[in-house]
Amino acid sequence: MDGGDVSVACVGLSREFGPTVALDGVDIRLDEPEILGLAGPNGSGKTTLIRCLLGLLAPSAGTSAINGVPSLELGPATRGRIGFMPQREAVYSDLTVRENVAFFARLYGLSNRREAVERALSFVELGDRADDRVRTLSGGLIRRVSLACTLVHDPDVIVLDEPTVGVDPVLRASMWRGFRERRDDGAIVIVSTHYLGEATNCDRVLFLRDGRALAVDTPDAFLASTGAADLESAFLELLGER
């Protein structure tokens with residue numbers, strides 16, 4: 001981890017695909033380590049927001065920046081402080097777990113590659129499967145390989161697009177413990193999910209629906225303000241559907 005100040009911000013971020021408004025004037029500001037959940041159903045704009053934040057997609061309107069650098073101007077130095085885990089598998093099935101993580105360590109030019117690889121494998125609890133080829137693993141374990149590749153360079157801004165999809169409850173709990181550890185070590189962690197119940201693991205939650213930000217607050221504040229018993233019910237209250 002670089003150890004410098006970390007920040008993520010967007011103002012009025014919008015993105016249109018022809019007549020479809022995928023993102024509609026979203027504002028976010030994170031100036032210190034925390035876990036921000038992007039929560040909402042499929043098609044709510046979570047992935048589009050992430051892609052705009054990372055400079056992978058130009059917005060139709062608005063601005064965004066990571067560590068003070070505009071998203072569309074992110075260079076190697078700033079990108080080296082970012083870890084991104086996409087929804088789709090971004091690992092090589094014919095390589096072993098260790099070979100995949102080592103490949104990403106080389107891409108980031110790490111001088112202490114062996115140490116970094118073993119640290120990442122330990123973090124996702126895959127040391128005992130390190131020499132297995134990825135094609136032999138379950139979907140949940142492959143997600144953990146992807147997470148190890150995302151974290152091998154010790155980033156201080158971590159963006160995870162639905163990392164727990166297809167993961168069983170035990171593995172999911174383990175991953176969330178890991179996210180909290182990264183936050184406690186000084187990282188900003190942005191996690192998208194359509195499992196509204198697991199958003200209780202976040203410090204704050206941004207609820208999205210049809211590309212719009214409904215509200216952002218702590219899980220406890222959402223429960224208190226809506227009188228709901230859980231975040232899924234709180235989300236429905238915000239929609240006025242209860």
# chains A, B, ... in the order shown; residues from 1 in each chain; ligands from 1

call {"tool": "select_by_dssp", "arguments": {"residues": "segment 6-119 of chain A", "states": "alpha helix (DSSP H)", "output": "ChimeraX atom specification"}}
result
/A:46-53,76-79,97-107,113-119

call {"tool": "write_last_selection", "arguments": {"atoms": "N, CA, C and O atoms", "output": "short mmCIF file (atom, residue, chain, number, x, y, z; two decimals), in the first residue's frame"}}
result
data_model
loop_
_atom_site.label_atom_id
_atom_site.label_comp_id
_atom_site.auth_asym_id
_atom_site.auth_seq_id
_atom_site.Cartn_x
_atom_site.Cartn_y
_atom_site.Cartn_z
N LYS A 46 -24.82 -0.17 -11.25
CA LYS A 46 -23.63 -0.40 -10.43
C LYS A 46 -22.37 -0.55 -11.28
O LYS A 46 -21.36 0.10 -11.04
N THR A 47 -22.44 -1.42 -12.29
CA THR A 47 -21.25 -1.67 -13.12
C THR A 47 -20.91 -0.45 -13.96
O THR A 47 -19.72 -0.11 -14.13
N THR A 48 -21.89 0.25 -14.47
CA THR A 48 -21.63 1.47 -15.23
C THR A 48 -20.94 2.51 -14.37
O THR A 48 -19.97 3.16 -14.81
N LEU A 49 -21.37 2.65 -13.13
CA LEU A 49 -20.73 3.59 -12.21
C LEU A 49 -19.28 3.20 -11.97
O LEU A 49 -18.38 4.05 -12.02
N ILE A 50 -19.03 1.93 -11.75
CA ILE A 50 -17.66 1.45 -11.52
C ILE A 50 -16.79 1.72 -12.74
O ILE A 50 -15.65 2.19 -12.62
N ARG A 51 -17.29 1.42 -13.91
CA ARG A 51 -16.49 1.61 -15.14
C ARG A 51 -16.18 3.08 -15.37
O ARG A 51 -15.08 3.42 -15.84
N CYS A 52 -17.12 3.96 -15.05
CA CYS A 52 -16.84 5.39 -15.17
C CYS A 52 -15.81 5.85 -14.14
O CYS A 52 -14.90 6.62 -14.46
N LEU A 53 -15.94 5.37 -12.91
CA LEU A 53 -14.98 5.74 -11.87
C LEU A 53 -13.56 5.33 -12.25
O LEU A 53 -12.60 6.05 -11.98
N PRO A 76 -0.25 5.16 -15.21
CA PRO A 76 0.29 3.96 -14.56
C PRO A 76 0.51 4.11 -13.06
O PRO A 76 0.24 3.18 -12.29
N ALA A 77 0.97 5.28 -12.63
CA ALA A 77 1.26 5.45 -11.20
C ALA A 77 -0.01 5.36 -10.37
O ALA A 77 -0.04 4.68 -9.33
N THR A 78 -1.06 6.04 -10.81
CA THR A 78 -2.32 6.00 -10.06
C THR A 78 -2.99 4.65 -10.20
O THR A 78 -3.53 4.11 -9.22
N ARG A 79 -2.97 4.07 -11.39
CA ARG A 79 -3.59 2.75 -11.57
C ARG A 79 -2.88 1.69 -10.76
O ARG A 79 -3.48 0.68 -10.37
N VAL A 97 -3.29 -21.76 -9.62
CA VAL A 97 -3.66 -20.60 -8.80
C VAL A 97 -2.45 -19.70 -8.60
O VAL A 97 -2.50 -18.49 -8.83
N ARG A 98 -1.33 -20.29 -8.19
CA ARG A 98 -0.12 -19.49 -7.93
C ARG A 98 0.38 -18.82 -9.21
O ARG A 98 0.82 -17.66 -9.18
N GLU A 99 0.34 -19.52 -10.33
CA GLU A 99 0.82 -18.95 -11.58
C GLU A 99 -0.03 -17.74 -11.99
O GLU A 99 0.50 -16.75 -12.52
N ASN A 100 -1.34 -17.82 -11.76
CA ASN A 100 -2.19 -16.67 -12.07
C ASN A 100 -1.81 -15.46 -11.24
O ASN A 100 -1.66 -14.35 -11.76
N VAL A 101 -1.67 -15.67 -9.93
CA VAL A 101 -1.36 -14.54 -9.04
C VAL A 101 0.03 -13.99 -9.37
O VAL A 101 0.24 -12.77 -9.38
N ALA A 102 0.98 -14.87 -9.67
CA ALA A 102 2.33 -14.43 -10.02
C ALA A 102 2.32 -13.63 -11.32
O ALA A 102 3.10 -12.66 -11.47
N PHE A 103 1.46 -14.01 -12.27
CA PHE A 103 1.36 -13.27 -13.52
C PHE A 103 0.94 -11.83 -13.27
O PHE A 103 1.53 -10.88 -13.82
N PHE A 104 -0.05 -11.64 -12.42
CA PHE A 104 -0.49 -10.28 -12.12
C PHE A 104 0.57 -9.53 -11.33
O PHE A 104 0.73 -8.31 -11.51
N ALA A 105 1.31 -10.22 -10.48
CA ALA A 105 2.40 -9.56 -9.75
C ALA A 105 3.45 -9.04 -10.73
O ALA A 105 3.99 -7.94 -10.55
N ARG A 106 3.73 -9.81 -11.77
CA ARG A 106 4.69 -9.36 -12.79
C ARG A 106 4.15 -8.16 -13.55
O ARG A 106 4.89 -7.22 -13.88
N LEU A 107 2.84 -8.19 -13.87
CA LEU A 107 2.25 -7.06 -14.60
C LEU A 107 2.43 -5.76 -13.83
O LEU A 107 2.63 -4.70 -14.44
N ARG A 113 8.02 -10.23 -5.74
CA ARG A 113 6.89 -10.99 -6.27
C ARG A 113 6.57 -12.22 -5.45
O ARG A 113 5.41 -12.50 -5.16
N ARG A 114 7.59 -13.01 -5.09
CA ARG A 114 7.30 -14.25 -4.38
C ARG A 114 6.59 -13.97 -3.05
O ARG A 114 5.59 -14.61 -2.72
N GLU A 115 7.08 -12.99 -2.32
CA GLU A 115 6.47 -12.64 -1.04
C GLU A 115 5.05 -12.13 -1.24
O GLU A 115 4.13 -12.48 -0.50
N ALA A 116 4.87 -11.28 -2.27
CA ALA A 116 3.55 -10.70 -2.53
C ALA A 116 2.55 -11.78 -2.92
O ALA A 116 1.38 -11.75 -2.49
N VAL A 117 2.98 -12.74 -3.74
CA VAL A 117 2.09 -13.83 -4.16
C VAL A 117 1.66 -14.66 -2.96
O VAL A 117 0.47 -14.96 -2.79
N GLU A 118 2.61 -15.03 -2.12
CA GLU A 118 2.26 -15.85 -0.96
C GLU A 118 1.35 -15.10 0.01
O GLU A 118 0.45 -15.69 0.60
N ARG A 119 1.56 -13.81 0.14
CA ARG A 119 0.72 -12.99 1.02
C ARG A 119 -0.71 -12.95 0.47
O ARG A 119 -1.68 -13.08 1.23
#

call {"tool": "residues_around", "arguments": {"residues": "Thr200 of chain A", "least_positions_apart": "4", "cutoff": "9 Å", "atoms": "only C-alpha atoms", "output": "list of chain:residue names"}}
result
A:Gly37, A:Leu196, A:Arg204, A:Val205, A:Thr218, A:Pro219, A:Asp220, A:Asp230, A:Leu231

call {"tool": "closest_residue", "arguments": {"among": "A:Phe84, A:Pro70, A:Asp203, A:Leu171", "to": "Glu125 of chain A", "atoms": "only C-alpha atoms"}}
result
A:Leu171

call {"tool": "residues_around", "arguments": {"residues": "segment 178-194 of chain A", "least_positions_apart": "6", "cutoff": "8 Å", "atoms": "only C-alpha atoms", "output": "tab-separated table (two decimals) with C-alpha atoms, in the first residue's frame"}}
result
chain	number	residue	atom	x	y	z
A	3	GLY	CA	0.49	5.04	2.34
A	6	VAL	CA	-6.80	7.99	-0.61
A	7	SER	CA	-9.95	9.42	-2.11
A	30	LEU	CA	-14.85	9.15	0.06
A	32	GLU	CA	-10.76	8.20	4.17
A	33	PRO	CA	-10.63	4.40	4.46
A	34	GLU	CA	-14.08	2.84	4.44
A	35	ILE	CA	-16.18	0.19	2.75
A	36	LEU	CA	-18.80	1.68	0.45
A	37	GLY	CA	-21.47	-0.68	-0.83
A	38	LEU	CA	-23.12	-0.05	-4.19
A	39	ALA	CA	-26.40	-1.87	-3.72
A	40	GLY	CA	-29.32	-2.40	-6.02
A	41	PRO	CA	-30.93	-4.89	-8.37
A	42	ASN	CA	-29.37	-6.00	-11.64
A	46	LYS	CA	-23.63	-0.40	-10.43
A	47	THR	CA	-21.25	-1.67	-13.12
A	123	PHE	CA	-5.23	-13.59	2.44
A	124	VAL	CA	-7.80	-15.53	0.40
A	155	PRO	CA	-3.66	-1.42	-3.65
A	156	ASP	CA	-5.15	1.31	-1.50
A	157	VAL	CA	-8.29	1.74	-3.62
A	158	ILE	CA	-10.08	-1.57	-4.18
A	159	VAL	CA	-13.09	-1.82	-6.50
A	160	LEU	CA	-14.98	-5.12	-6.53
A	161	ASP	CA	-17.88	-5.69	-8.91
A	162	GLU	CA	-20.21	-8.26	-7.32
A	163	PRO	CA	-17.32	-10.32	-5.92
A	164	THR	CA	-19.53	-12.73	-3.96

call {"tool": "atom_distance", "arguments": {"atom1": "atom CA of Ser93 of chain A", "atom2": "atom CA of Met175 of chain A"}}
result
21.4 Å

call {"tool": "atom_distance", "arguments": {"atom1": "atom CA of Ile28 of chain A", "atom2": "atom CA of Ser14 of chain A"}}
result
12.3 Å

call {"tool": "atom_distance", "arguments": {"atom1": "atom CA of Gly43 of chain A", "atom2": "atom CA of Pro59 of chain A"}}
result
16.9 Å

call {"tool": "residues_around", "arguments": {"residues": "Asp27 of chain A", "least_positions_apart": "2", "cutoff": "7 Å", "atoms": "only C-alpha atoms", "output": "compact mmCIF listing (two decimals) with all heavy atoms, in the first residue's frame"}}
result
# COMPACT_ATOMS: atom_id res chain seq x y z
N CYS A 10 -17.09 11.49 -7.24
CA CYS A 10 -17.75 11.78 -8.51
C CYS A 10 -18.85 12.79 -8.26
O CYS A 10 -19.45 12.83 -7.18
CB CYS A 10 -18.29 10.52 -9.18
SG CYS A 10 -19.64 9.70 -8.33
N VAL A 11 -19.07 13.64 -9.26
CA VAL A 11 -20.07 14.70 -9.16
C VAL A 11 -20.94 14.67 -10.41
O VAL A 11 -20.42 14.81 -11.53
CB VAL A 11 -19.40 16.09 -9.01
CG1 VAL A 11 -20.48 17.18 -8.96
CG2 VAL A 11 -18.51 16.14 -7.78
N GLY A 12 -22.24 14.48 -10.21
CA GLY A 12 -23.17 14.52 -11.33
C GLY A 12 -22.87 13.51 -12.42
O GLY A 12 -23.14 13.76 -13.60
N LEU A 13 -22.35 12.35 -12.03
CA LEU A 13 -21.91 11.37 -13.03
C LEU A 13 -23.10 10.74 -13.73
O LEU A 13 -23.99 10.17 -13.09
CB LEU A 13 -21.06 10.30 -12.35
CG LEU A 13 -20.05 9.55 -13.22
CD1 LEU A 13 -19.04 10.50 -13.83
CD2 LEU A 13 -19.34 8.48 -12.40
N GLY A 25 -26.74 11.29 -12.82
CA GLY A 25 -26.36 12.33 -11.87
C GLY A 25 -25.95 11.83 -10.50
O GLY A 25 -26.42 12.36 -9.49
N ARG A 29 -18.51 10.78 -2.48
CA ARG A 29 -17.25 11.32 -1.97
C ARG A 29 -16.75 10.45 -0.84
O ARG A 29 -17.45 10.23 0.15
CB ARG A 29 -17.38 12.76 -1.51
CG ARG A 29 -16.03 13.38 -1.13
CD ARG A 29 -16.05 14.89 -1.04
NE ARG A 29 -14.69 15.38 -0.95
CZ ARG A 29 -13.92 15.69 -1.98
NH1 ARG A 29 -14.40 15.56 -3.20
NH2 ARG A 29 -12.69 16.13 -1.81

call {"tool": "decode", "arguments": {"residues": "segment 198-227 of chain A", "atoms": "N, CA, C and O atoms", "output": "PDB file, in the first residue's frame"}}
result
ATOM      1  N   GLU A 198     -26.243  -8.458   2.426  1.00  0.00           N
ATOM      2  CA  GLU A 198     -24.836  -8.421   2.781  1.00  0.00           C
ATOM      3  C   GLU A 198     -24.281  -7.002   2.825  1.00  0.00           C
ATOM      4  O   GLU A 198     -23.164  -6.787   3.281  1.00  0.00           O
ATOM      5  N   ALA A 199     -25.060  -6.034   2.381  1.00  0.00           N
ATOM      6  CA  ALA A 199     -24.611  -4.639   2.449  1.00  0.00           C
ATOM      7  C   ALA A 199     -24.481  -4.147   3.886  1.00  0.00           C
ATOM      8  O   ALA A 199     -23.886  -3.103   4.138  1.00  0.00           O
ATOM      9  N   THR A 200     -25.013  -4.915   4.846  1.00  0.00           N
ATOM     10  CA  THR A 200     -24.825  -4.551   6.257  1.00  0.00           C
ATOM     11  C   THR A 200     -23.349  -4.608   6.657  1.00  0.00           C
ATOM     12  O   THR A 200     -22.972  -4.053   7.686  1.00  0.00           O
ATOM     13  N   ASN A 201     -22.518  -5.270   5.852  1.00  0.00           N
ATOM     14  CA  ASN A 201     -21.090  -5.343   6.131  1.00  0.00           C
ATOM     15  C   ASN A 201     -20.354  -4.051   5.777  1.00  0.00           C
ATOM     16  O   ASN A 201     -19.173  -3.912   6.102  1.00  0.00           O
ATOM     17  N   CYS A 202     -21.031  -3.137   5.113  1.00  0.00           N
ATOM     18  CA  CYS A 202     -20.399  -1.903   4.641  1.00  0.00           C
ATOM     19  C   CYS A 202     -20.513  -0.796   5.691  1.00  0.00           C
ATOM     20  O   CYS A 202     -21.405  -0.797   6.530  1.00  0.00           O
ATOM     21  N   ASP A 203     -19.593   0.161   5.611  1.00  0.00           N
ATOM     22  CA  ASP A 203     -19.684   1.341   6.473  1.00  0.00           C
ATOM     23  C   ASP A 203     -20.796   2.265   6.003  1.00  0.00           C
ATOM     24  O   ASP A 203     -21.523   2.842   6.817  1.00  0.00           O
ATOM     25  N   ARG A 204     -20.899   2.418   4.690  1.00  0.00           N
ATOM     26  CA  ARG A 204     -21.998   3.173   4.096  1.00  0.00           C
ATOM     27  C   ARG A 204     -22.505   2.401   2.885  1.00  0.00           C
ATOM     28  O   ARG A 204     -21.765   1.617   2.279  1.00  0.00           O
ATOM     29  N   VAL A 205     -23.750   2.680   2.538  1.00  0.00           N
ATOM     30  CA  VAL A 205     -24.370   2.024   1.392  1.00  0.00           C
ATOM     31  C   VAL A 205     -24.990   3.081   0.492  1.00  0.00           C
ATOM     32  O   VAL A 205     -25.706   3.970   0.972  1.00  0.00           O
ATOM     33  N   LEU A 206     -24.694   2.984  -0.804  1.00  0.00           N
ATOM     34  CA  LEU A 206     -25.349   3.811  -1.803  1.00  0.00           C
ATOM     35  C   LEU A 206     -26.358   2.931  -2.527  1.00  0.00           C
ATOM     36  O   LEU A 206     -25.986   1.977  -3.210  1.00  0.00           O
ATOM     37  N   PHE A 207     -27.642   3.238  -2.333  1.00  0.00           N
ATOM     38  CA  PHE A 207     -28.694   2.489  -3.006  1.00  0.00           C
ATOM     39  C   PHE A 207     -28.918   3.086  -4.397  1.00  0.00           C
ATOM     40  O   PHE A 207     -29.133   4.291  -4.541  1.00  0.00           O
ATOM     41  N   LEU A 208     -28.878   2.219  -5.411  1.00  0.00           N
ATOM     42  CA  LEU A 208     -29.101   2.639  -6.791  1.00  0.00           C
ATOM     43  C   LEU A 208     -30.351   1.963  -7.340  1.00  0.00           C
ATOM     44  O   LEU A 208     -30.626   0.799  -7.047  1.00  0.00           O
ATOM     45  N   ARG A 209     -31.078   2.700  -8.170  1.00  0.00           N
ATOM     46  CA  ARG A 209     -32.236   2.145  -8.866  1.00  0.00           C
ATOM     47  C   ARG A 209     -32.397   2.893 -10.183  1.00  0.00           C
ATOM     48  O   ARG A 209     -32.473   4.126 -10.195  1.00  0.00           O
ATOM     49  N   ASP A 210     -32.375   2.163 -11.284  1.00  0.00           N
ATOM     50  CA  ASP A 210     -32.530   2.752 -12.619  1.00  0.00           C
ATOM     51  C   ASP A 210     -31.513   3.869 -12.859  1.00  0.00           C
ATOM     52  O   ASP A 210     -31.840   4.898 -13.469  1.00  0.00           O
ATOM     53  N   GLY A 211     -30.287   3.659 -12.372  1.00  0.00           N
ATOM     54  CA  GLY A 211     -29.219   4.617 -12.604  1.00  0.00           C
ATOM     55  C   GLY A 211     -29.207   5.805 -11.669  1.00  0.00           C
ATOM     56  O   GLY A 211     -28.294   6.629 -11.719  1.00  0.00           O
ATOM     57  N   ARG A 212     -30.190   5.911 -10.792  1.00  0.00           N
ATOM     58  CA  ARG A 212     -30.261   7.036  -9.870  1.00  0.00           C
ATOM     59  C   ARG A 212     -29.831   6.614  -8.475  1.00  0.00           C
ATOM     60  O   ARG A 212     -30.079   5.495  -8.041  1.00  0.00           O
ATOM     61  N   ALA A 213     -29.195   7.547  -7.774  1.00  0.00           N
ATOM     62  CA  ALA A 213     -28.850   7.321  -6.385  1.00  0.00           C
ATOM     63  C   ALA A 213     -30.055   7.662  -5.518  1.00  0.00           C
ATOM     64  O   ALA A 213     -30.477   8.819  -5.454  1.00  0.00           O
ATOM     65  N   LEU A 214     -30.622   6.638  -4.864  1.00  0.00           N
ATOM     66  CA  LEU A 214     -31.774   6.887  -4.004  1.00  0.00           C
ATOM     67  C   LEU A 214     -31.351   7.552  -2.702  1.00  0.00           C
ATOM     68  O   LEU A 214     -31.993   8.480  -2.222  1.00  0.00           O
ATOM     69  N   ALA A 215     -30.263   7.051  -2.121  1.00  0.00           N
ATOM     70  CA  ALA A 215     -29.776   7.585  -0.847  1.00  0.00           C
ATOM     71  C   ALA A 215     -28.444   6.924  -0.528  1.00  0.00           C
ATOM     72  O   ALA A 215     -28.135   5.834  -1.017  1.00  0.00           O
ATOM     73  N   VAL A 216     -27.654   7.588   0.308  1.00  0.00           N
ATOM     74  CA  VAL A 216     -26.412   6.993   0.812  1.00  0.00           C
ATOM     75  C   VAL A 216     -26.343   7.273   2.307  1.00  0.00           C
ATOM     76  O   VAL A 216     -26.565   8.398   2.754  1.00  0.00           O
ATOM     77  N   ASP A 217     -26.084   6.222   3.082  1.00  0.00           N
ATOM     78  CA  ASP A 217     -26.014   6.370   4.538  1.00  0.00           C
ATOM     79  C   ASP A 217     -25.445   5.090   5.121  1.00  0.00           C
ATOM     80  O   ASP A 217     -25.147   4.131   4.395  1.00  0.00           O
ATOM     81  N   THR A 218     -25.316   5.048   6.435  1.00  0.00           N
ATOM     82  CA  THR A 218     -24.869   3.832   7.100  1.00  0.00           C
ATOM     83  C   THR A 218     -26.025   2.829   7.148  1.00  0.00           C
ATOM     84  O   THR A 218     -27.202   3.228   7.125  1.00  0.00           O
ATOM     85  N   PRO A 219     -25.734   1.528   7.220  1.00  0.00           N
ATOM     86  CA  PRO A 219     -26.821   0.555   7.340  1.00  0.00           C
ATOM     87  C   PRO A 219     -27.733   0.829   8.535  1.00  0.00           C
ATOM     88  O   PRO A 219     -28.964   0.761   8.416  1.00  0.00           O
ATOM     89  N   ASP A 220     -27.146   1.162   9.685  1.00  0.00           N
ATOM     90  CA  ASP A 220     -27.961   1.424  10.864  1.00  0.00           C
ATOM     91  C   ASP A 220     -28.878   2.627  10.661  1.00  0.00           C
ATOM     92  O   ASP A 220     -30.033   2.629  11.109  1.00  0.00           O
ATOM     93  N   ALA A 221     -28.362   3.651   9.987  1.00  0.00           N
ATOM     94  CA  ALA A 221     -29.182   4.845   9.748  1.00  0.00           C
ATOM     95  C   ALA A 221     -30.352   4.530   8.822  1.00  0.00           C
ATOM     96  O   ALA A 221     -31.461   5.043   9.016  1.00  0.00           O
ATOM     97  N   PHE A 222     -30.109   3.691   7.803  1.00  0.00           N
ATOM     98  CA  PHE A 222     -31.209   3.299   6.917  1.00  0.00           C
ATOM     99  C   PHE A 222     -32.291   2.547   7.693  1.00  0.00           C
ATOM    100  O   PHE A 222     -33.480   2.789   7.505  1.00  0.00           O
ATOM    101  N   LEU A 223     -31.873   1.633   8.555  1.00  0.00           N
ATOM    102  CA  LEU A 223     -32.843   0.857   9.320  1.00  0.00           C
ATOM    103  C   LEU A 223     -33.634   1.760  10.269  1.00  0.00           C
ATOM    104  O   LEU A 223     -34.850   1.605  10.422  1.00  0.00           O
ATOM    105  N   ALA A 224     -32.925   2.724  10.882  1.00  0.00           N
ATOM    106  CA  ALA A 224     -33.595   3.616  11.824  1.00  0.00           C
ATOM    107  C   ALA A 224     -34.573   4.547  11.113  1.00  0.00           C
ATOM    108  O   ALA A 224     -35.690   4.784  11.609  1.00  0.00           O
ATOM    109  N   SER A 225     -34.181   5.061   9.958  1.00  0.00           N
ATOM    110  CA  SER A 225     -35.027   6.050   9.279  1.00  0.00           C
ATOM    111  C   SER A 225     -36.250   5.427   8.625  1.00  0.00           C
ATOM    112  O   SER A 225     -37.291   6.078   8.480  1.00  0.00           O
ATOM    113  N   THR A 226     -36.135   4.158   8.219  1.00  0.00           N
ATOM    114  CA  THR A 226     -37.266   3.506   7.550  1.00  0.00           C
ATOM    115  C   THR A 226     -38.082   2.631   8.499  1.00  0.00           C
ATOM    116  O   THR A 226     -39.211   2.239   8.160  1.00  0.00           O
ATOM    117  N   GLY A 227     -37.509   2.301   9.654  1.00  0.00           N
ATOM    118  CA  GLY A 227     -38.184   1.398  10.573  1.00  0.00           C
ATOM    119  C   GLY A 227     -38.211  -0.037  10.089  1.00  0.00           C
ATOM    120  O   GLY A 227     -38.964  -0.867  10.599  1.00  0.00           O
TER     121      GLY A 227
END
